file start_23.pdb (PDB, C-alpha atoms)
MODEL        1
ATOM      1  CA  MET A   6      62.490 127.868 117.443
ATOM      2  CA  ASN A   7      62.900 126.552 120.960
ATOM      3  CA  GLU A   8      65.636 127.699 123.321
ATOM      4  CA  MET A   9      67.784 124.590 122.822
ATOM      5  CA  SER A  10      67.738 125.000 119.016
ATOM      6  CA  GLU A  11      68.589 128.690 119.327
ATOM      7  CA  ASN A  12      71.557 127.933 121.606
ATOM      8  CA  LEU A  13      72.804 125.226 119.242
ATOM      9  CA  GLU A  14      72.545 127.572 116.256
ATOM     10  CA  LYS A  15      74.281 130.372 118.168
ATOM     11  CA  SER A  16      77.085 127.996 119.211
ATOM     12  CA  ARG A  17      77.506 126.797 115.627
ATOM     13  CA  LEU A  18      77.818 130.337 114.339
ATOM     14  CA  GLU A  19      80.250 131.385 117.066
ATOM     15  CA  LYS A  20      82.522 128.342 116.635
ATOM     16  CA  PRO A  21      82.599 127.438 112.955
ATOM     17  CA  PHE A  22      84.075 124.079 112.047
ATOM     18  CA  PHE A  23      87.520 124.365 110.545
ATOM     19  CA  LYS A  24      90.385 122.077 109.714
ATOM     20  CA  PRO A  25      93.638 123.228 111.277
ATOM     21  CA  GLU A  26      96.008 124.218 108.503
ATOM     22  CA  ASN A  27      98.827 122.110 109.875
ATOM     23  CA  LEU A  28      96.955 118.808 109.379
ATOM     24  CA  ASP A  29      96.844 116.667 106.247
ATOM     25  CA  MET A  30      94.555 113.696 105.658
ATOM     26  CA  PHE A  31      96.294 110.495 104.567
ATOM     27  CA  MET A  32      94.981 107.130 103.459
ATOM     28  CA  ILE A  33      96.983 104.122 104.643
ATOM     29  CA  LEU A  34      97.250 101.316 102.098
ATOM     30  CA  GLU A  35      98.620  97.801 102.407
ATOM     31  CA  SER A  36     100.114  96.080  99.396
ATOM     32  CA  GLY A  37     102.003  92.799  99.430
ATOM     33  CA  GLY A  38     102.952  93.141 103.089
ATOM     34  CA  TYR A  39     104.065  96.793 102.847
ATOM     35  CA  ASN A  40     102.184  99.809 104.163
ATOM     36  CA  TYR A  41     102.127 103.080 102.236
ATOM     37  CA  ALA A  42     100.492 106.459 102.847
ATOM     38  CA  VAL A  43      98.943 108.675 100.172
ATOM     39  CA  LYS A  44      97.332 112.073 100.540
ATOM     40  CA  ALA A  45      93.604 111.453 100.647
ATOM     41  CA  SER A  46      93.013 114.442  98.375
ATOM     42  CA  CYS A  47      94.800 112.549  95.563
ATOM     43  CA  VAL A  48      92.521 109.497  95.784
ATOM     44  CA  GLN A  49      89.703 109.353  93.260
ATOM     45  CA  GLU A  50      88.174 106.029  94.280
ATOM     46  CA  LEU A  51      88.724 102.436  95.343
ATOM     47  CA  LEU A  52      87.823  99.623  92.961
ATOM     48  CA  ILE A  53      87.122  96.049  93.989
ATOM     49  CA  ASP A  54      86.790  92.956  91.786
ATOM     50  CA  VAL A  55      87.720  94.713  88.558
ATOM     51  CA  LYS A  56      89.232  92.665  85.741
ATOM     52  CA  THR A  57      92.718  93.624  84.618
ATOM     53  CA  TYR A  58      94.167  93.007  81.178
ATOM     54  CA  GLU A  59      97.826  92.096  80.799
ATOM     55  CA  LEU A  60     100.044  94.024  78.418
ATOM     56  CA  PRO A  61     103.070  92.651  76.577
ATOM     57  CA  PHE A  62     106.472  94.323  76.569
ATOM     58  CA  VAL A  63     106.032  96.494  79.663
ATOM     59  CA  PRO A  64     108.115  96.651  82.855
ATOM     60  CA  ASP A  65     107.296  93.864  85.317
ATOM     61  CA  TYR A  66     105.823  96.294  87.864
ATOM     62  CA  ILE A  67     103.017  97.090  85.393
ATOM     63  CA  GLU A  68     100.393  94.400  85.823
ATOM     64  CA  GLY A  69      98.279  95.623  82.900
ATOM     65  CA  VAL A  70      95.324  97.961  82.513
ATOM     66  CA  LEU A  71      91.807  98.141  83.871
ATOM     67  CA  ASN A  72      88.663  99.909  82.754
ATOM     68  CA  CYS A  73      87.319 102.588  85.087
ATOM     69  CA  ARG A  74      84.260 104.395  83.735
ATOM     70  CA  GLY A  75      85.346 103.840  80.136
ATOM     71  CA  GLU A  76      88.929 105.016  80.694
ATOM     72  CA  ALA A  77      92.020 102.796  80.694
ATOM     73  CA  TYR A  78      94.184 102.969  83.826
ATOM     74  CA  THR A  79      97.665 101.497  84.097
ATOM     75  CA  VAL A  80      97.829  99.039  87.015
ATOM     76  CA  VAL A  81     101.028  99.389  89.054
ATOM     77  CA  ASN A  82     102.334  96.863  91.566
ATOM     78  CA  PRO A  83     103.886  99.245  94.135
ATOM     79  CA  VAL A  84     106.034  96.586  95.812
ATOM     80  CA  LYS A  85     107.738  95.651  92.539
ATOM     81  CA  MET A  86     108.123  99.295  91.500
ATOM     82  CA  LEU A  87     109.246 100.824  94.790
ATOM     83  CA  GLU A  88     110.851  97.989  96.718
ATOM     84  CA  GLY A  89     112.264  96.054  93.766
ATOM     85  CA  GLU A  90     110.906  92.839  95.248
ATOM     86  CA  PRO A  91     108.717  90.231  93.606
ATOM     87  CA  ALA A  92     105.239  90.486  95.055
ATOM     88  CA  LYS A  93     102.037  88.683  94.271
ATOM     89  CA  ILE A  94      99.195  90.791  95.609
ATOM     90  CA  GLU A  95      96.140  88.761  96.478
ATOM     91  CA  GLY A  96      92.721  89.904  95.327
ATOM     92  CA  SER A  97      91.685  92.609  92.925
ATOM     93  CA  LYS A  98      91.564  95.859  94.868
ATOM     94  CA  PHE A  99      92.853  99.070  93.329
ATOM     95  CA  VAL A 100      93.218 102.674  94.400
ATOM     96  CA  VAL A 101      92.655 105.108  91.521
ATOM     97  CA  PHE A 102      94.252 108.549  91.618
ATOM     98  CA  LYS A 103      93.168 111.965  90.355
ATOM     99  CA  TYR A 104      95.626 112.410  87.506
ATOM    100  CA  ASP A 105      94.061 113.582  84.269
ATOM    101  CA  ALA A 106      96.897 113.135  81.802
ATOM    102  CA  ASP A 107      98.389 109.832  82.941
ATOM    103  CA  ARG A 108      95.805 107.582  84.481
ATOM    104  CA  PHE A 109      97.221 105.006  86.840
ATOM    105  CA  CYS A 110      96.204 103.016  89.878
ATOM    106  CA  LEU A 111      97.921 100.860  92.463
ATOM    107  CA  HIS A 112      97.118  97.214  93.098
ATOM    108  CA  ILE A 113      96.572  96.963  96.853
ATOM    109  CA  SER A 114      95.696  94.310  99.400
ATOM    110  CA  SER A 115      93.632  96.699 101.514
ATOM    111  CA  ALA A 116      92.899 100.301 102.347
ATOM    112  CA  ASP A 117      93.373 100.324 106.090
ATOM    113  CA  THR A 118      92.276 103.734 107.312
ATOM    114  CA  PHE A 119      92.237 107.488 106.934
ATOM    115  CA  CYS A 120      94.187 109.537 109.451
ATOM    116  CA  GLU A 121      94.952 113.196 110.040
ATOM    117  CA  ILE A 122      98.658 113.786 110.428
ATOM    118  CA  ASP A 123     100.449 116.940 111.550
ATOM    119  CA  VAL A 124     102.415 118.275 108.567
ATOM    120  CA  ASP A 125     105.479 118.664 110.800
ATOM    121  CA  ASP A 126     105.396 114.892 111.343
ATOM    122  CA  THR A 127     105.745 114.173 107.593
ATOM    123  CA  LEU A 128     108.976 116.034 106.867
ATOM    124  CA  ASP A 129     111.013 112.826 106.598
ATOM    125  CA  GLY A 130     108.672 111.405 103.926
ATOM    126  CA  THR A 131     106.872 109.087 106.339
ATOM    127  CA  VAL A 132     103.841 109.180 108.621
ATOM    128  CA  PRO A 133     103.303 107.493 111.992
ATOM    129  CA  TYR A 134     101.001 104.478 111.838
ATOM    130  CA  LYS A 135     100.618 101.609 114.323
ATOM    131  CA  ASN A 136     103.840 102.442 116.188
ATOM    132  CA  LYS A 137     105.976 102.555 113.053
ATOM    133  CA  ARG A 138     106.772 104.940 110.196
ATOM    134  CA  VAL A 139     105.007 104.405 106.861
ATOM    135  CA  LYS A 140     106.431 105.712 103.565
ATOM    136  CA  ILE A 141     104.435 108.496 101.884
ATOM    137  CA  LEU A 142     104.064 107.713  98.203
ATOM    138  CA  ASN A 143     105.179 110.474  95.877
ATOM    139  CA  LEU A 144     102.604 110.070  93.124
ATOM    140  CA  ASP A 145     104.386 112.570  90.877
ATOM    141  CA  LYS A 146     107.530 110.401  90.937
ATOM    142  CA  ILE A 147     105.500 107.267  90.212
ATOM    143  CA  GLU A 148     103.940 109.050  87.251
ATOM    144  CA  GLU A 149     107.386 110.229  86.038
ATOM    145  CA  LYS A 150     108.766 106.679  86.255
ATOM    146  CA  LEU A 151     105.804 105.304  84.316
ATOM    147  CA  ILE A 152     106.277 107.875  81.558
ATOM    148  CA  GLU A 153     110.041 107.320  81.434
ATOM    149  CA  ASP A 154     109.774 103.517  81.322
ATOM    150  CA  LEU A 155     106.944 103.420  78.783
ATOM    151  CA  ASP A 156     108.616 105.901  76.434
ATOM    152  CA  ARG A 157     111.623 103.594  75.981
TER     153      ARG A 157
ENDMDL
END

call {"tool": "encode", "arguments": {"input": "start_23.pdb", "output": "C-alpha coordinates"}}
result
Amino acid sequence: MNEMSENLEKSRLEKPFFKPENLDMFMILESGGYNYAVKASCVQELLIDVKTYELPFVPDYIEGVLNCRGEAYTVVNPVKMLEGEPAKIEGSKFVVFKYDADRFCLHISSADTFCEIDVDDTLDGTVPYKNKRVKILNLDKIEEKLIEDLDR
(Lines of atoms letter the chains of each structure in order from A and count residues from 1; the text may use other names and numbers.)
(Lines give C-alpha, C1' and ligand atoms only; values in the text may rest on other atoms or scores of the structure.)
Protein backbone atom coordinates (compact mmCIF):
# COMPACT_ATOMS: atom_id res chain seq x y z
CA MET A 1 0.00 0.00 0.00
CA ASN A 2 1.38 3.41 -0.87
CA GLU A 3 1.44 6.32 1.55
CA MET A 4 -1.56 8.08 -0.01
CA SER A 5 -3.72 4.93 0.27
CA GLU A 6 -2.63 4.42 3.87
CA ASN A 7 -3.53 8.01 4.78
CA LEU A 8 -6.92 7.70 3.08
CA GLU A 9 -7.66 4.45 4.92
CA LYS A 10 -6.53 5.95 8.23
CA SER A 11 -8.73 9.02 7.66
CA ARG A 12 -11.71 6.82 6.80
CA LEU A 13 -11.31 4.81 9.98
CA GLU A 14 -10.85 7.89 12.16
CA LYS A 15 -13.87 9.74 10.72
CA PRO A 16 -16.56 7.19 9.94
CA PHE A 17 -19.46 8.35 7.81
CA PHE A 18 -22.60 8.89 9.82
CA LYS A 19 -25.97 10.49 9.32
CA PRO A 20 -26.74 13.05 12.01
CA GLU A 21 -29.67 11.80 14.04
CA ASN A 22 -31.57 15.05 13.71
CA LEU A 23 -31.92 14.76 9.90
CA ASP A 24 -34.64 12.94 7.97
CA MET A 25 -34.64 12.25 4.24
CA PHE A 26 -37.77 13.36 2.38
CA MET A 27 -38.90 12.90 -1.19
CA ILE A 28 -40.72 15.87 -2.72
CA LEU A 29 -43.60 14.93 -5.02
CA GLU A 30 -45.73 17.04 -7.32
CA SER A 31 -49.29 16.03 -8.06
CA GLY A 32 -51.86 18.12 -9.90
CA GLY A 33 -50.10 21.38 -9.07
CA TYR A 34 -49.55 20.58 -5.37
CA ASN A 35 -46.26 19.64 -3.74
CA TYR A 36 -46.11 17.02 -0.99
CA ALA A 37 -43.28 15.54 1.07
CA VAL A 38 -43.01 11.90 2.13
CA LYS A 39 -40.33 10.22 4.22
CA ALA A 40 -37.99 8.55 1.77
CA SER A 41 -37.81 5.48 3.99
CA CYS A 42 -41.51 4.83 3.26
CA VAL A 43 -41.05 4.81 -0.53
CA GLN A 44 -40.76 1.39 -2.14
CA GLU A 45 -40.42 2.48 -5.76
CA LEU A 46 -41.57 4.78 -8.54
CA LEU A 47 -43.55 3.36 -11.44
CA ILE A 48 -43.86 4.97 -14.86
CA ASP A 49 -46.23 4.07 -17.70
CA VAL A 50 -48.16 1.45 -15.76
CA LYS A 51 -51.75 0.71 -16.77
CA THR A 52 -54.42 1.35 -14.16
CA TYR A 53 -57.78 -0.39 -13.99
CA GLU A 54 -60.85 1.53 -12.89
CA LEU A 55 -63.06 0.20 -10.12
CA PRO A 56 -66.79 0.79 -9.76
CA PHE A 57 -68.43 2.03 -6.58
CA VAL A 58 -65.35 3.51 -4.90
CA PRO A 59 -64.72 7.06 -3.66
CA ASP A 60 -63.76 9.48 -6.44
CA TYR A 61 -60.21 9.91 -5.08
CA ILE A 62 -59.53 6.23 -5.88
CA GLU A 63 -58.56 6.07 -9.53
CA GLY A 64 -58.45 2.27 -9.61
CA VAL A 65 -55.76 -0.36 -9.13
CA LEU A 66 -52.47 -1.20 -10.77
CA ASN A 67 -50.33 -4.31 -10.89
CA CYS A 68 -46.91 -4.06 -9.26
CA ARG A 69 -44.95 -7.32 -9.31
CA GLY A 70 -48.14 -9.40 -9.27
CA GLU A 71 -49.75 -7.46 -6.41
CA ALA A 72 -52.73 -5.11 -6.72
CA TYR A 73 -52.18 -1.57 -5.41
CA THR A 74 -54.95 0.96 -4.88
CA VAL A 75 -54.24 4.14 -6.86
CA VAL A 76 -55.00 7.31 -4.89
CA ASN A 77 -55.33 10.79 -6.35
CA PRO A 78 -53.84 12.85 -3.47
CA VAL A 79 -55.32 16.16 -4.62
CA LYS A 80 -58.87 14.80 -4.59
CA MET A 81 -58.32 12.99 -1.28
CA LEU A 82 -56.44 15.66 0.65
CA GLU A 83 -57.46 18.95 -0.93
CA GLY A 84 -61.01 18.01 -1.89
CA GLU A 85 -60.45 19.51 -5.33
CA PRO A 86 -61.03 17.92 -8.71
CA ALA A 87 -57.68 17.15 -10.27
CA LYS A 88 -56.71 15.44 -13.47
CA ILE A 89 -53.12 14.31 -13.12
CA GLU A 90 -51.33 14.05 -16.42
CA GLY A 91 -49.27 10.97 -17.22
CA SER A 92 -48.98 7.66 -15.46
CA LYS A 93 -46.40 8.05 -12.72
CA PHE A 94 -46.95 6.47 -9.32
CA VAL A 95 -45.10 6.32 -6.03
CA VAL A 96 -45.53 2.97 -4.27
CA PHE A 97 -45.18 2.76 -0.50
CA LYS A 98 -43.87 0.07 1.85
CA TYR A 99 -47.12 -1.01 3.47
CA ASP A 100 -47.60 -4.76 3.62
CA ALA A 101 -51.22 -5.06 4.67
CA ASP A 102 -52.84 -2.30 2.63
CA ARG A 103 -51.03 -1.71 -0.62
CA PHE A 104 -51.56 1.73 -2.06
CA CYS A 105 -49.78 4.23 -4.26
CA LEU A 106 -50.20 7.87 -5.18
CA HIS A 107 -50.72 9.14 -8.72
CA ILE A 108 -48.12 11.88 -9.16
CA SER A 109 -47.01 14.29 -11.86
CA SER A 110 -43.35 14.08 -10.85
CA ALA A 111 -40.90 13.17 -8.13
CA ASP A 112 -38.90 16.35 -7.82
CA THR A 113 -36.04 15.62 -5.45
CA PHE A 114 -34.75 14.07 -2.26
CA CYS A 115 -33.70 16.40 0.54
CA GLU A 116 -32.39 16.06 4.07
CA ILE A 117 -34.42 18.12 6.49
CA ASP A 118 -33.69 18.91 10.13
CA VAL A 119 -36.33 17.16 12.25
CA ASP A 120 -36.87 20.40 14.19
CA ASP A 121 -37.98 22.02 10.93
CA THR A 122 -40.82 19.50 10.44
CA LEU A 123 -42.72 20.01 13.69
CA ASP A 124 -45.54 21.92 11.99
CA GLY A 125 -46.18 19.06 9.53
CA THR A 126 -44.39 20.77 6.65
CA VAL A 127 -40.88 20.94 5.20
CA PRO A 128 -39.10 23.85 3.52
CA TYR A 129 -38.84 23.51 -0.26
CA LYS A 130 -38.19 26.20 -2.88
CA ASN A 131 -38.88 29.09 -0.48
CA LYS A 132 -42.22 27.71 0.68
CA ARG A 133 -43.58 25.10 3.09
CA VAL A 134 -44.67 21.73 1.68
CA LYS A 135 -47.15 19.47 3.50
CA ILE A 136 -45.73 16.19 4.83
CA LEU A 137 -48.07 13.36 3.92
CA ASN A 138 -49.17 11.21 6.84
CA LEU A 139 -49.29 7.83 5.13
CA ASP A 140 -50.89 6.18 8.16
CA LYS A 141 -53.85 8.59 7.92
CA ILE A 142 -54.17 7.99 4.18
CA GLU A 143 -54.24 4.26 4.87
CA GLU A 144 -56.85 4.73 7.64
CA LYS A 145 -59.07 6.79 5.31
CA LEU A 146 -58.81 4.16 2.58
CA ILE A 147 -59.82 1.40 5.00
CA GLU A 148 -62.66 3.47 6.46
CA ASP A 149 -64.06 4.48 3.06
CA LEU A 150 -63.76 1.03 1.49
CA ASP A 151 -65.36 -0.74 4.45
CA ARG A 152 -68.59 1.24 4.02

call {"tool": "resolve_selection", "arguments": {"input": "start_23.pdb", "expression": "the PyMOL selection byres ((chain A and resi 67) around 12)", "output": "PyMOL selection string"}}
result
chain A and resi 57-66+68-71+78-87+92+109-112+147+150-152+154-155

call {"tool": "resolve_selection", "arguments": {"input": "start_23.pdb", "expression": "the PyMOL selection byres ((chain A and resi 94) around 6)", "output": "list in words"}}
result
Gly37, Lys93 and Glu95 of chain A

call {"tool": "residues_around", "arguments": {"input": "start_23.pdb", "residues": "A:Tyr41", "least_positions_apart": "6", "cutoff": "7 Å", "atoms": "only C-alpha atoms", "output": "PyMOL selection string"}}
result
chain A and resi 33-35+139-142

call {"tool": "atom_distance", "arguments": {"input": "start_23.pdb", "atom1": "atom CA of A:Pro91", "atom2": "atom CA of A:Asp145"}}
result
22.9 Å

call {"tool": "resolve_selection", "arguments": {"input": "start_23.pdb", "expression": "the PyMOL selection byres ((chain A and resi 31) around 8)", "output": "PyMOL selection string"}}
result
chain A and resi 29-30+32-33+42-45+119-122

call {"tool": "closest_residue", "arguments": {"input": "start_23.pdb", "among": "A:Leu128, A:Cys47, A:Ala77, A:Val101", "to": "A:Ile113", "atoms": "only C-alpha atoms"}}
result
A:Val101

call {"tool": "closest_residue", "arguments": {"input": "start_23.pdb", "among": "A:Pro133, A:Gly38, A:Leu28, A:Thr127", "to": "A:Glu90", "atoms": "only C-alpha atoms"}}
result
A:Gly38

call {"tool": "axis_aligned_box", "arguments": {"input": "start_23.pdb", "around": "stretch 66-78 of chain A", "padding_each_side": "3 Å", "output": "lines of an AutoDock Vina configuration file"}}
result
center_x = 95.0
center_y = 99.7
center_z = 84.0
size_x = 27.6
size_y = 16.6
size_z = 13.7

call {"tool": "closest_atom_pairs", "arguments": {"input": "start_23.pdb", "of": "stretch 82-123 of chain A", "to": "stretch 72-76 of chain A", "cutoff": "12 Å", "atoms": "only C-alpha atoms", "output": "CSV"}}
result
residue,atom,partner,partner_atom,distance
A:Phe99,CA,A:Cys73,CA,10.5
A:Val100,CA,A:Cys73,CA,11.0
A:Val101,CA,A:Cys73,CA,8.7
A:Phe102,CA,A:Cys73,CA,11.2
A:Asp105,CA,A:Glu76,CA,10.6
A:Ala106,CA,A:Glu76,CA,11.4
A:Asp107,CA,A:Glu76,CA,10.9
A:Arg108,CA,A:Glu76,CA,8.3
A:Phe109,CA,A:Glu76,CA,10.3
A:Cys110,CA,A:Cys73,CA,10.1

call {"tool": "atom_distance", "arguments": {"input": "start_23.pdb", "atom1": "atom CA of A:Ile53", "atom2": "atom CA of A:Ser115"}}
result
10.0 Å

call {"tool": "atom_distance", "arguments": {"input": "start_23.pdb", "atom1": "atom CA of A:Asp54", "atom2": "atom CA of A:Leu144"}}
result
23.3 Å

call {"tool": "closest_residue", "arguments": {"input": "start_23.pdb", "among": "A:Asn136, A:Asn40, A:Thr131, A:Asn143", "to": "A:Ala116", "atoms": "all atoms listed in the file"}}
result
A:Asn40
